[in-house]
>>> print(open('target.txt').read())   # compact mmCIF, C-alpha atoms and all ligand atoms
# COMPACT_ATOMS: atom_id res chain seq x y z
CA MET Y 1 0.00 0.00 0.00
CA ALA Y 2 2.77 2.33 1.09
CA THR Y 3 4.69 1.67 -2.08
CA ALA Y 4 1.59 2.31 -4.19
CA SER Y 5 0.78 5.69 -2.56
CA PHE Y 6 4.41 6.81 -2.90
CA THR Y 7 4.33 5.95 -6.56
CA LYS Y 8 1.13 7.98 -7.00
CA LYS Y 9 2.61 11.04 -5.30
CA SER Y 10 5.86 10.90 -7.21
CA LEU Y 11 3.89 10.48 -10.40
CA GLY Y 12 1.87 13.56 -9.55
CA LEU Y 13 4.96 15.64 -8.91
CA GLU Y 14 6.63 14.41 -12.05
CA SER Y 15 3.66 15.59 -14.06
CA ILE Y 16 4.15 19.14 -12.69
CA GLU Y 17 7.95 19.09 -12.91
CA PRO Y 18 8.44 20.33 -16.50
CA ALA Y 19 6.43 23.46 -15.78
CA VAL Y 20 8.60 24.34 -12.74
CA THR Y 21 11.84 23.94 -14.63
CA PRO Y 22 13.51 27.33 -15.14
CA PRO Y 23 12.66 28.73 -18.54
CA PRO Y 24 15.09 29.40 -21.34
CA ALA Y 25 16.91 32.73 -20.95
CA ASN Y 26 14.95 34.64 -23.59
CA SER Y 27 11.50 33.22 -22.88
CA THR Y 28 8.69 35.75 -22.62
CA THR Y 29 5.76 33.65 -21.43
CA THR Y 30 4.03 34.98 -18.34
CA PHE Y 31 4.16 31.62 -16.60
CA VAL Y 32 7.93 31.36 -16.60
CA LYS Y 33 8.32 34.93 -15.33
CA LYS Y 34 6.70 33.93 -12.03
CA PRO Y 35 8.06 30.46 -11.10
CA LYS Y 36 6.63 28.82 -7.98
CA LEU Y 37 10.04 28.50 -6.31
CA SER Y 38 10.91 32.19 -6.50
CA SER Y 39 9.05 33.55 -3.45
CA SER Y 40 12.26 34.31 -1.51
CA LYS Y 41 13.85 35.97 -4.56
CA SER Y 42 10.85 38.23 -5.20
CA LYS Y 43 10.96 39.40 -1.56
CA LYS Y 44 14.58 40.44 -2.01
CA LYS Y 45 13.58 42.44 -5.09
CA GLU Y 46 10.73 44.21 -3.30
CA ILE Y 47 12.71 45.50 -0.29
CA PRO Y 48 15.05 48.02 -1.95
CA GLU Y 49 12.48 49.65 -4.23
CA GLY Y 50 11.23 52.94 -2.82
CA LEU Y 51 12.98 52.46 0.52
CA TRP Y 52 16.46 53.51 -0.46
CA VAL Y 53 17.49 56.76 -2.07
CA LYS Y 54 20.86 57.43 -3.66
CA CYS Y 55 22.37 60.74 -2.58
CA PRO Y 56 23.16 62.69 -5.79
CA LYS Y 57 26.14 64.38 -4.13
CA CYS Y 58 28.01 61.58 -2.30
CA SER Y 59 26.29 58.53 -3.93
CA THR Y 60 25.60 56.91 -0.55
CA MET Y 61 22.45 54.79 -0.39
CA LEU Y 62 20.22 56.36 2.25
CA TYR Y 63 17.37 54.63 4.06
CA ASP Y 64 14.18 56.52 3.25
CA LYS Y 65 12.88 56.56 6.83
CA GLU Y 66 16.17 57.85 8.25
CA LEU Y 67 16.27 60.51 5.53
CA ASP Y 68 12.77 61.67 6.52
CA GLU Y 69 13.75 61.77 10.19
CA ASN Y 70 16.75 63.91 9.24
CA LEU Y 71 14.46 66.43 7.43
CA LYS Y 72 15.59 65.08 4.04
CA VAL Y 73 19.24 65.98 4.60
CA CYS Y 74 21.98 63.41 3.79
CA GLN Y 75 23.75 62.44 7.04
CA HIS Y 76 27.03 61.90 5.21
CA CYS Y 77 27.51 65.01 3.04
CA GLN Y 78 24.67 67.32 4.25
CA HIS Y 79 23.09 67.44 0.77
CA HIS Y 80 19.62 69.00 1.12
CA PHE Y 81 16.98 67.00 -0.78
CA PRO Y 82 13.76 68.78 -1.79
CA ILE Y 83 11.18 68.80 0.98
CA GLY Y 84 7.41 69.34 0.71
CA ALA Y 85 5.71 72.48 2.01
CA ARG Y 86 3.75 70.63 4.69
CA GLU Y 87 6.84 68.80 6.00
CA ARG Y 88 8.68 72.09 6.11
CA ILE Y 89 5.90 73.82 8.06
CA HIS Y 90 5.83 70.86 10.43
CA SER Y 91 9.59 71.22 10.99
CA LEU Y 92 9.29 74.91 11.91
CA VAL Y 93 6.08 75.67 13.78
CA GLU Y 94 4.94 74.57 17.21
CA THR Y 95 2.62 71.57 17.19
CA CYS Y 96 -1.02 72.41 16.33
CA SER Y 97 -0.26 76.15 16.15
CA PHE Y 98 -0.57 76.58 12.37
CA GLU Y 99 -3.83 77.98 11.02
CA GLU Y 100 -3.93 77.80 7.24
CA MET Y 101 -5.40 80.65 5.20
CA ASP Y 102 -7.14 80.54 1.81
CA ALA Y 103 -6.58 76.79 1.53
CA GLN Y 104 -9.31 76.37 -1.11
CA MET Y 105 -8.22 79.18 -3.45
CA THR Y 106 -7.73 77.75 -6.91
CA SER Y 107 -6.67 78.98 -10.36
CA MET Y 108 -9.05 80.34 -12.98
CA ASP Y 109 -8.05 80.20 -16.62
CA PRO Y 110 -8.00 83.87 -17.66
CA LEU Y 111 -6.27 83.24 -20.99
CA GLN Y 112 -8.11 80.00 -21.75
CA PHE Y 113 -4.75 78.37 -22.21
CA PRO Y 114 -5.16 74.90 -23.76
CA SER Y 115 -5.32 72.13 -21.13
CA TYR Y 116 -4.18 74.48 -18.31
CA LEU Y 117 -7.03 73.61 -15.95
CA ASP Y 118 -6.55 69.88 -16.63
CA LYS Y 119 -2.92 70.30 -15.65
CA VAL Y 120 -3.83 72.20 -12.47
CA SER Y 121 -6.40 69.58 -11.57
CA SER Y 122 -3.94 66.68 -12.02
CA TYR Y 123 -1.34 68.47 -9.83
CA GLN Y 124 -4.03 69.10 -7.22
CA LYS Y 125 -4.73 65.36 -7.14
CA SER Y 126 -1.07 64.31 -6.98
CA THR Y 127 0.07 66.85 -4.37
CA GLY Y 128 -3.05 67.42 -2.27
CA PHE Y 129 -2.60 71.22 -2.58
CA LYS Y 130 -4.79 73.65 -4.50
CA ASP Y 131 -1.76 75.62 -5.71
CA ALA Y 132 2.02 76.07 -5.23
CA VAL Y 133 2.00 77.87 -1.87
CA ILE Y 134 0.62 77.24 1.61
CA THR Y 135 0.02 80.29 3.77
CA GLY Y 136 -1.09 80.73 7.36
CA VAL Y 137 -0.29 81.95 10.83
CA GLY Y 138 1.63 79.86 13.35
CA LYS Y 139 4.06 80.04 16.22
CA ILE Y 140 7.81 79.61 15.82
CA GLY Y 141 9.18 79.35 19.35
CA PRO Y 142 7.44 82.15 21.27
CA HIS Y 143 6.76 84.26 18.15
CA LYS Y 144 3.51 84.34 16.21
CA VAL Y 145 4.37 84.74 12.53
CA ALA Y 146 2.69 84.88 9.14
CA LEU Y 147 4.26 82.05 7.17
CA GLY Y 148 4.15 81.31 3.43
CA VAL Y 149 5.81 78.15 2.11
CA MET Y 150 6.11 77.28 -1.57
CA ASP Y 151 6.19 73.75 -2.96
CA PHE Y 152 8.17 72.98 -6.12
CA SER Y 153 6.24 69.79 -6.81
CA PHE Y 154 3.18 71.84 -7.87
CA LEU Y 155 3.89 72.97 -11.45
CA GLY Y 156 7.50 73.84 -10.59
CA GLY Y 157 6.42 76.16 -7.77
CA SER Y 158 5.35 78.65 -10.43
CA MET Y 159 3.70 81.90 -9.35
CA GLY Y 160 0.31 82.49 -10.92
CA SER Y 161 -2.61 84.57 -9.63
CA VAL Y 162 -3.27 82.19 -6.72
CA VAL Y 163 0.30 82.23 -5.37
CA GLY Y 164 0.44 86.03 -5.71
CA GLU Y 165 -2.98 86.57 -4.14
CA LYS Y 166 -2.38 84.16 -1.24
CA LEU Y 167 0.97 85.77 -0.40
CA THR Y 168 -0.48 89.28 -0.70
CA ARG Y 169 -3.35 88.38 1.64
CA LEU Y 170 -0.84 86.82 4.05
CA ILE Y 171 1.29 89.98 4.10
CA GLU Y 172 -1.75 92.26 4.44
CA ASN Y 173 -3.10 90.10 7.24
CA ALA Y 174 0.28 90.28 9.01
CA THR Y 175 0.35 94.08 8.63
CA ALA Y 176 -3.13 94.36 10.13
CA ARG Y 177 -2.28 92.02 13.01
CA ASN Y 178 1.24 93.32 13.68
CA LEU Y 179 3.00 90.07 12.80
CA PRO Y 180 6.36 89.44 11.16
CA VAL Y 181 6.32 87.66 7.77
CA ILE Y 182 8.43 84.69 6.72
CA ILE Y 183 8.24 83.38 3.14
CA ILE Y 184 10.11 80.25 2.08
CA SER Y 185 10.54 80.27 -1.68
CA THR Y 186 11.21 77.62 -4.26
CA SER Y 187 10.11 78.33 -7.79
CA GLY Y 188 10.91 78.22 -11.46
CA GLY Y 189 9.35 81.68 -11.81
CA ALA Y 190 6.09 83.18 -13.06
CA ARG Y 191 3.42 80.79 -14.41
CA MET Y 192 3.33 81.38 -18.13
CA TYR Y 193 -0.08 79.73 -18.51
CA GLU Y 194 -1.45 82.90 -16.93
CA GLY Y 195 0.75 85.30 -18.92
CA MET Y 196 0.54 88.91 -17.77
CA PHE Y 197 -1.64 87.93 -14.79
CA SER Y 198 1.39 86.07 -13.39
CA LEU Y 199 3.75 88.98 -13.94
CA MET Y 200 1.35 91.35 -12.16
CA GLN Y 201 1.84 89.30 -8.98
CA MET Y 202 5.44 90.51 -8.79
CA ALA Y 203 4.35 94.11 -8.24
CA LYS Y 204 1.38 93.14 -6.09
CA THR Y 205 3.39 91.10 -3.55
CA CYS Y 206 6.11 93.75 -3.39
CA GLY Y 207 3.48 96.48 -2.89
CA ALA Y 208 2.06 94.60 0.09
CA LEU Y 209 5.59 94.16 1.48
CA ALA Y 210 6.18 97.92 1.21
CA TYR Y 211 3.16 98.50 3.49
CA LEU Y 212 4.50 95.86 5.88
CA SER Y 213 7.81 97.69 5.96
CA LYS Y 214 6.06 101.04 6.61
CA SER Y 215 4.48 99.42 9.65
CA ARG Y 216 8.00 98.53 10.83
CA LEU Y 217 7.36 94.80 10.77
CA PRO Y 218 10.16 92.44 9.74
CA TYR Y 219 10.12 90.27 6.63
CA ILE Y 220 12.46 87.28 6.43
CA SER Y 221 12.90 85.67 3.02
CA ILE Y 222 14.26 82.11 2.92
CA LEU Y 223 15.53 80.85 -0.43
CA THR Y 224 15.60 77.13 -1.12
CA HIS Y 225 16.67 75.08 -4.13
CA PRO Y 226 15.78 76.27 -6.74
CA THR Y 227 14.50 79.87 -6.63
CA TYR Y 228 14.48 81.59 -10.01
CA ALA Y 229 13.02 84.20 -12.33
CA GLY Y 230 9.83 86.10 -11.42
CA VAL Y 231 9.82 84.94 -7.81
CA MET Y 232 13.48 85.82 -7.26
CA ALA Y 233 12.92 89.14 -9.04
CA SER Y 234 10.08 90.07 -6.67
CA PHE Y 235 9.24 89.13 -3.09
CA ALA Y 236 12.06 86.57 -2.60
CA SER Y 237 14.86 89.12 -2.96
CA VAL Y 238 13.50 92.02 -0.92
CA GLY Y 239 13.65 90.55 2.60
CA ASP Y 240 14.95 92.59 5.52
CA LEU Y 241 16.91 89.42 6.09
CA ILE Y 242 17.61 86.96 3.28
CA LEU Y 243 18.56 83.43 4.30
CA SER Y 244 19.25 80.40 2.16
CA GLU Y 245 19.68 76.65 2.50
CA PRO Y 246 23.14 75.28 1.60
CA GLY Y 247 23.75 74.50 -2.06
CA ALA Y 248 20.55 76.17 -3.30
CA MET Y 249 20.60 77.44 -6.88
CA ILE Y 250 19.31 81.00 -7.01
CA GLY Y 251 19.05 83.47 -9.85
CA PHE Y 252 16.96 85.20 -12.49
CA ALA Y 253 17.78 83.48 -15.79
CA GLY Y 254 19.44 80.05 -15.73
CA PRO Y 255 23.23 79.75 -16.15
CA ARG Y 256 22.96 78.29 -19.67
CA VAL Y 257 20.90 81.24 -20.90
CA ILE Y 258 23.34 83.73 -19.37
CA LYS Y 259 26.31 81.89 -20.85
CA ASP Y 260 24.73 81.90 -24.32
CA THR Y 261 23.72 85.56 -24.07
CA THR Y 262 26.98 86.92 -22.73
CA GLN Y 263 29.14 84.48 -24.71
CA SER Y 264 31.49 84.19 -21.76
CA GLU Y 265 32.58 81.60 -19.21
CA LEU Y 266 30.74 81.82 -15.90
CA PRO Y 267 32.70 81.80 -12.64
CA SER Y 268 32.73 78.53 -10.70
CA GLY Y 269 29.87 78.14 -8.25
CA PHE Y 270 27.84 80.71 -10.20
CA GLN Y 271 24.29 81.15 -8.79
CA THR Y 272 24.85 78.89 -5.78
CA ALA Y 273 23.84 80.18 -2.35
CA GLU Y 274 27.52 80.13 -1.31
CA PHE Y 275 28.51 82.30 -4.29
CA LEU Y 276 25.70 84.77 -3.56
CA LEU Y 277 26.64 84.95 0.13
CA GLU Y 278 30.18 85.86 -0.87
CA HIS Y 279 28.84 88.57 -3.21
CA GLY Y 280 26.45 90.09 -0.69
CA LEU Y 281 22.98 89.08 -1.88
CA ILE Y 282 22.35 86.61 0.95
CA ASP Y 283 22.83 87.40 4.62
CA SER Y 284 23.35 83.87 5.90
CA ILE Y 285 23.26 80.23 4.82
CA VAL Y 286 21.37 78.15 7.35
CA PRO Y 287 21.22 74.33 7.33
CA ARG Y 288 17.64 73.01 7.43
CA LYS Y 289 18.03 71.42 10.85
CA GLU Y 290 19.16 74.72 12.39
CA MET Y 291 16.54 76.86 10.66
CA LYS Y 292 13.97 76.94 13.44
CA ASP Y 293 16.47 77.94 16.17
CA ARG Y 294 18.01 80.58 13.95
CA LEU Y 295 14.59 82.05 13.10
CA VAL Y 296 13.73 82.30 16.79
CA PHE Y 297 17.08 84.02 17.37
CA TYR Y 298 16.56 86.53 14.53
CA LEU Y 299 12.93 87.23 15.50
CA ASP Y 300 13.98 87.80 19.14
CA PHE Y 301 16.41 90.43 17.91
CA MET Y 302 14.29 92.03 15.18
CA LEU Y 303 11.08 92.30 17.17
CA GLN Y 304 12.90 93.72 20.16
CA THR Y 305 14.59 96.31 17.93
CA GLU Y 306 11.25 97.18 16.29
CA LYS Y 307 9.63 97.73 19.70
CA GLN Y 308 12.49 99.92 20.90
CA SER Y 309 12.58 102.06 17.77
CA ALA Y 310 8.78 102.29 17.54
CA ALA Y 311 8.36 103.41 21.18
CA PRO Y 312 9.71 107.00 20.97
CA ALA Y 313 7.88 107.68 17.69
CA VAL Y 314 4.50 106.96 19.38
ZN ZN Z 1 25.21 62.61 0.57
>>> encode(input="target.txt", output="structure tokens")
Amino acid sequence: MATASFTKKSLGLESIEPAVTPPPANSTTTFVKKPKLSSSKSKKKEIPEGLWVKCPKCSTMLYDKELDENLKVCQHCQHHFPIGARERIHSLVETCSFEEMDAQMTSMDPLQFPSYLDKVSSYQKSTGFKDAVITGVGKIGPHKVALGVMDFSFLGGSMGSVVGEKLTRLIENATARNLPVIIISTSGGARMYEGMFSLMQMAKTCGALAYLSKSRLPYISILTHPTYAGVMASFASVGDLILSEPGAMIGFAGPRVIKDTTQSELPSGFQTAEFLLEHGLIDSIVPRKEMKDRLVFYLDFMLQTEKQSAAPAV
């Protein structure tokens, strides 16, 4: 009996055997791509995908979770990876202190630019934002501040009517409530889908900042990688204090355009934060992990100075 049952089993296995045999190297059938014996191999393949990131500066493989815990800064070479607006706000403000403003404001299509609204809608779905900036009021250390944070992942952080209007409302709100303003920029420039309406935001934001300045309230501009064109040529470059993250690329036109136009070699490190610090555009380069403490330090000083200088005038 025993012999008979063994024979049956082995016969059964033998009938399956040819199918399990590894396929020829160039086979394309779906069956041979997923052999039964490959469960351990497929696990090995799954683990690295999406969990490890290669640092573009030092080429070290970084564990995604550790990178997030380190505010997206490489532990080995201090390369600053892009970080989302919400993560950045979370890293700066006191827990539960941030009240967002105009969260539902969304773009119109004043020029009826082909497929513009479809584009906006798909970015809204993929990012969870309505446009490229988040604005609101929150506390950084003991200081209540009006905070605007741009996000490059929404249409390259471009400034259209919504970005301009949200920032203007933020600045006007701060002026009315006697609050300092901090704007963290990252942008490719004005949003060309909105043509002249985008360019008008440059004057509008700067106009609001002029009123803020008249009220003797400080404005700190923080430049992150990359900040270019219409944003750099307006509110990003007129801070009472201009800070930057290390290695950020900052400018008006890109280096290739300038090289082609001027027909000359550009100096090394051209348009990096370090180059601009050396040439006087930026006041200080602040690593992301130190940003909150440094902001508290600067606000302590600036708000105290404002109070002292405002007192005799009143
Ligand atoms: Zn690195």
>>> residues_near_ligand(input="target.txt", ligand="ligand ZN 1 (chain Z)", cutoff="12 Å", atoms="only C-alpha atoms and all ligand atoms", output="mmCIF file with C-alpha atoms, in the frame of the given file")
data_model
loop_
_atom_site.group_PDB
_atom_site.id
_atom_site.type_symbol
_atom_site.label_atom_id
_atom_site.label_comp_id
_atom_site.auth_asym_id
_atom_site.auth_seq_id
_atom_site.Cartn_x
_atom_site.Cartn_y
_atom_site.Cartn_z
ATOM 1 C CA VAL Y 53 17.490 56.760 -2.070
ATOM 2 C CA LYS Y 54 20.860 57.430 -3.660
ATOM 3 C CA CYS Y 55 22.370 60.740 -2.580
ATOM 4 C CA PRO Y 56 23.160 62.690 -5.790
ATOM 5 C CA LYS Y 57 26.140 64.380 -4.130
ATOM 6 C CA CYS Y 58 28.010 61.580 -2.300
ATOM 7 C CA SER Y 59 26.290 58.530 -3.930
ATOM 8 C CA THR Y 60 25.600 56.910 -0.550
ATOM 9 C CA MET Y 61 22.450 54.790 -0.390
ATOM 10 C CA LEU Y 62 20.220 56.360 2.250
ATOM 11 C CA TYR Y 63 17.370 54.630 4.060
ATOM 12 C CA LEU Y 67 16.270 60.510 5.530
ATOM 13 C CA LYS Y 72 15.590 65.080 4.040
ATOM 14 C CA VAL Y 73 19.240 65.980 4.600
ATOM 15 C CA CYS Y 74 21.980 63.410 3.790
ATOM 16 C CA GLN Y 75 23.750 62.440 7.040
ATOM 17 C CA HIS Y 76 27.030 61.900 5.210
ATOM 18 C CA CYS Y 77 27.510 65.010 3.040
ATOM 19 C CA GLN Y 78 24.670 67.320 4.250
ATOM 20 C CA HIS Y 79 23.090 67.440 0.770
ATOM 21 C CA HIS Y 80 19.620 69.000 1.120
ATOM 22 C CA PHE Y 81 16.980 67.000 -0.780
#
>>> residues_around(input="target.txt", residues="Ser284 (chain Y)", least_positions_apart="4", cutoff="7 Å", atoms="all atoms listed in the file", output="mmCIF file with C-alpha atoms, keeping the file's coordinate frame")
data_model
loop_
_atom_site.group_PDB
_atom_site.id
_atom_site.type_symbol
_atom_site.label_atom_id
_atom_site.label_comp_id
_atom_site.auth_asym_id
_atom_site.auth_seq_id
_atom_site.Cartn_x
_atom_site.Cartn_y
_atom_site.Cartn_z
ATOM 1 C CA LEU Y 243 18.560 83.430 4.300
ATOM 2 C CA SER Y 244 19.250 80.400 2.160
ATOM 3 C CA LEU Y 277 26.640 84.950 0.130
#
>>> atom_distance(input="target.txt", atom1="CA of Val257 (chain Y)", atom2="CA of Val163 (chain Y)")
25.8 Å
>>> atom_distance(input="target.txt", atom1="CA of Leu179 (chain Y)", atom2="CA of Ile220 (chain Y)")
11.7 Å
>>> atom_distance(input="target.txt", atom1="CA of Ser158 (chain Y)", atom2="CA of Gly189 (chain Y)")
5.2 Å
>>> residues_around(input="target.txt", residues="Ile171 (chain Y)", least_positions_apart="4", cutoff="10 Å", atoms="only C-alpha atoms", output="VMD selection string")
chain Y and resid 135 146 to 148 165 to 167 175 to 177 179 to 183 205 to 212 219
>>> closest_residue(input="target.txt", among="Y:Lys289, Y:Asp300, Y:Pro226, Y:Arg256", to="Thr272 (chain Y)", atoms="all atoms listed in the file")
Y:Pro226
>>> residues_near_point(input="target.txt", point="(16.5, 90.7, 16.0)", cutoff="12 Å", atoms="all atoms listed in the file", output="list in words")
His143, Pro180, Leu217, Pro218, Tyr219, Ile220, Asp240, Leu241, Arg294, Leu295, Val296, Phe297, Tyr298, Leu299, Asp300, Phe301, Met302, Leu303, Gln304, Thr305, Glu306, Lys307 and Gln308 of chain Y
>>> closest_residue(input="target.txt", among="Y:Ile285, Y:Ile83, Y:Lys125, Y:Cys96", to="Thr186 (chain Y)", atoms="all atoms listed in the file")
Y:Ile83
>>> closest_residue(input="target.txt", among="Y:Ser198, Y:Asn178, Y:Ser237, Y:Ser115", to="Ser213 (chain Y)", atoms="only C-alpha atoms")
Y:Asn178
>>> residues_around(input="target.txt", residues="Ser153 (chain Y)", least_positions_apart="6", cutoff="8 Å", atoms="all atoms listed in the file", output="list in words")
Gly84, Thr127 and Ala132 of chain Y
>>> residues_around(input="target.txt", residues="Leu117 (chain Y)", least_positions_apart="3", cutoff="10 Å", atoms="all atoms listed in the file", output="mmCIF file with C-alpha atoms, in the frame of the given file")
data_model
loop_
_atom_site.group_PDB
_atom_site.id
_atom_site.type_symbol
_atom_site.label_atom_id
_atom_site.label_comp_id
_atom_site.auth_asym_id
_atom_site.auth_seq_id
_atom_site.Cartn_x
_atom_site.Cartn_y
_atom_site.Cartn_z
ATOM 1 C CA THR Y 106 -7.730 77.750 -6.910
ATOM 2 C CA SER Y 107 -6.670 78.980 -10.360
ATOM 3 C CA MET Y 108 -9.050 80.340 -12.980
ATOM 4 C CA ASP Y 109 -8.050 80.200 -16.620
ATOM 5 C CA GLN Y 112 -8.110 80.000 -21.750
ATOM 6 C CA PHE Y 113 -4.750 78.370 -22.210
ATOM 7 C CA PRO Y 114 -5.160 74.900 -23.760
ATOM 8 C CA VAL Y 120 -3.830 72.200 -12.470
ATOM 9 C CA SER Y 121 -6.400 69.580 -11.570
ATOM 10 C CA SER Y 122 -3.940 66.680 -12.020
ATOM 11 C CA TYR Y 123 -1.340 68.470 -9.830
ATOM 12 C CA TYR Y 193 -0.080 79.730 -18.510
#
>>> closest_residue(input="target.txt", among="Y:Ala174, Y:Met202, Y:Met249, Y:Met291", to="Phe275 (chain Y)", atoms="all atoms listed in the file")
Y:Met249
>>> residues_near_point(input="target.txt", point="(23.2, 82.0, -15.4)", cutoff="12 Å", atoms="only C-alpha atoms", output="count of residues only")
26
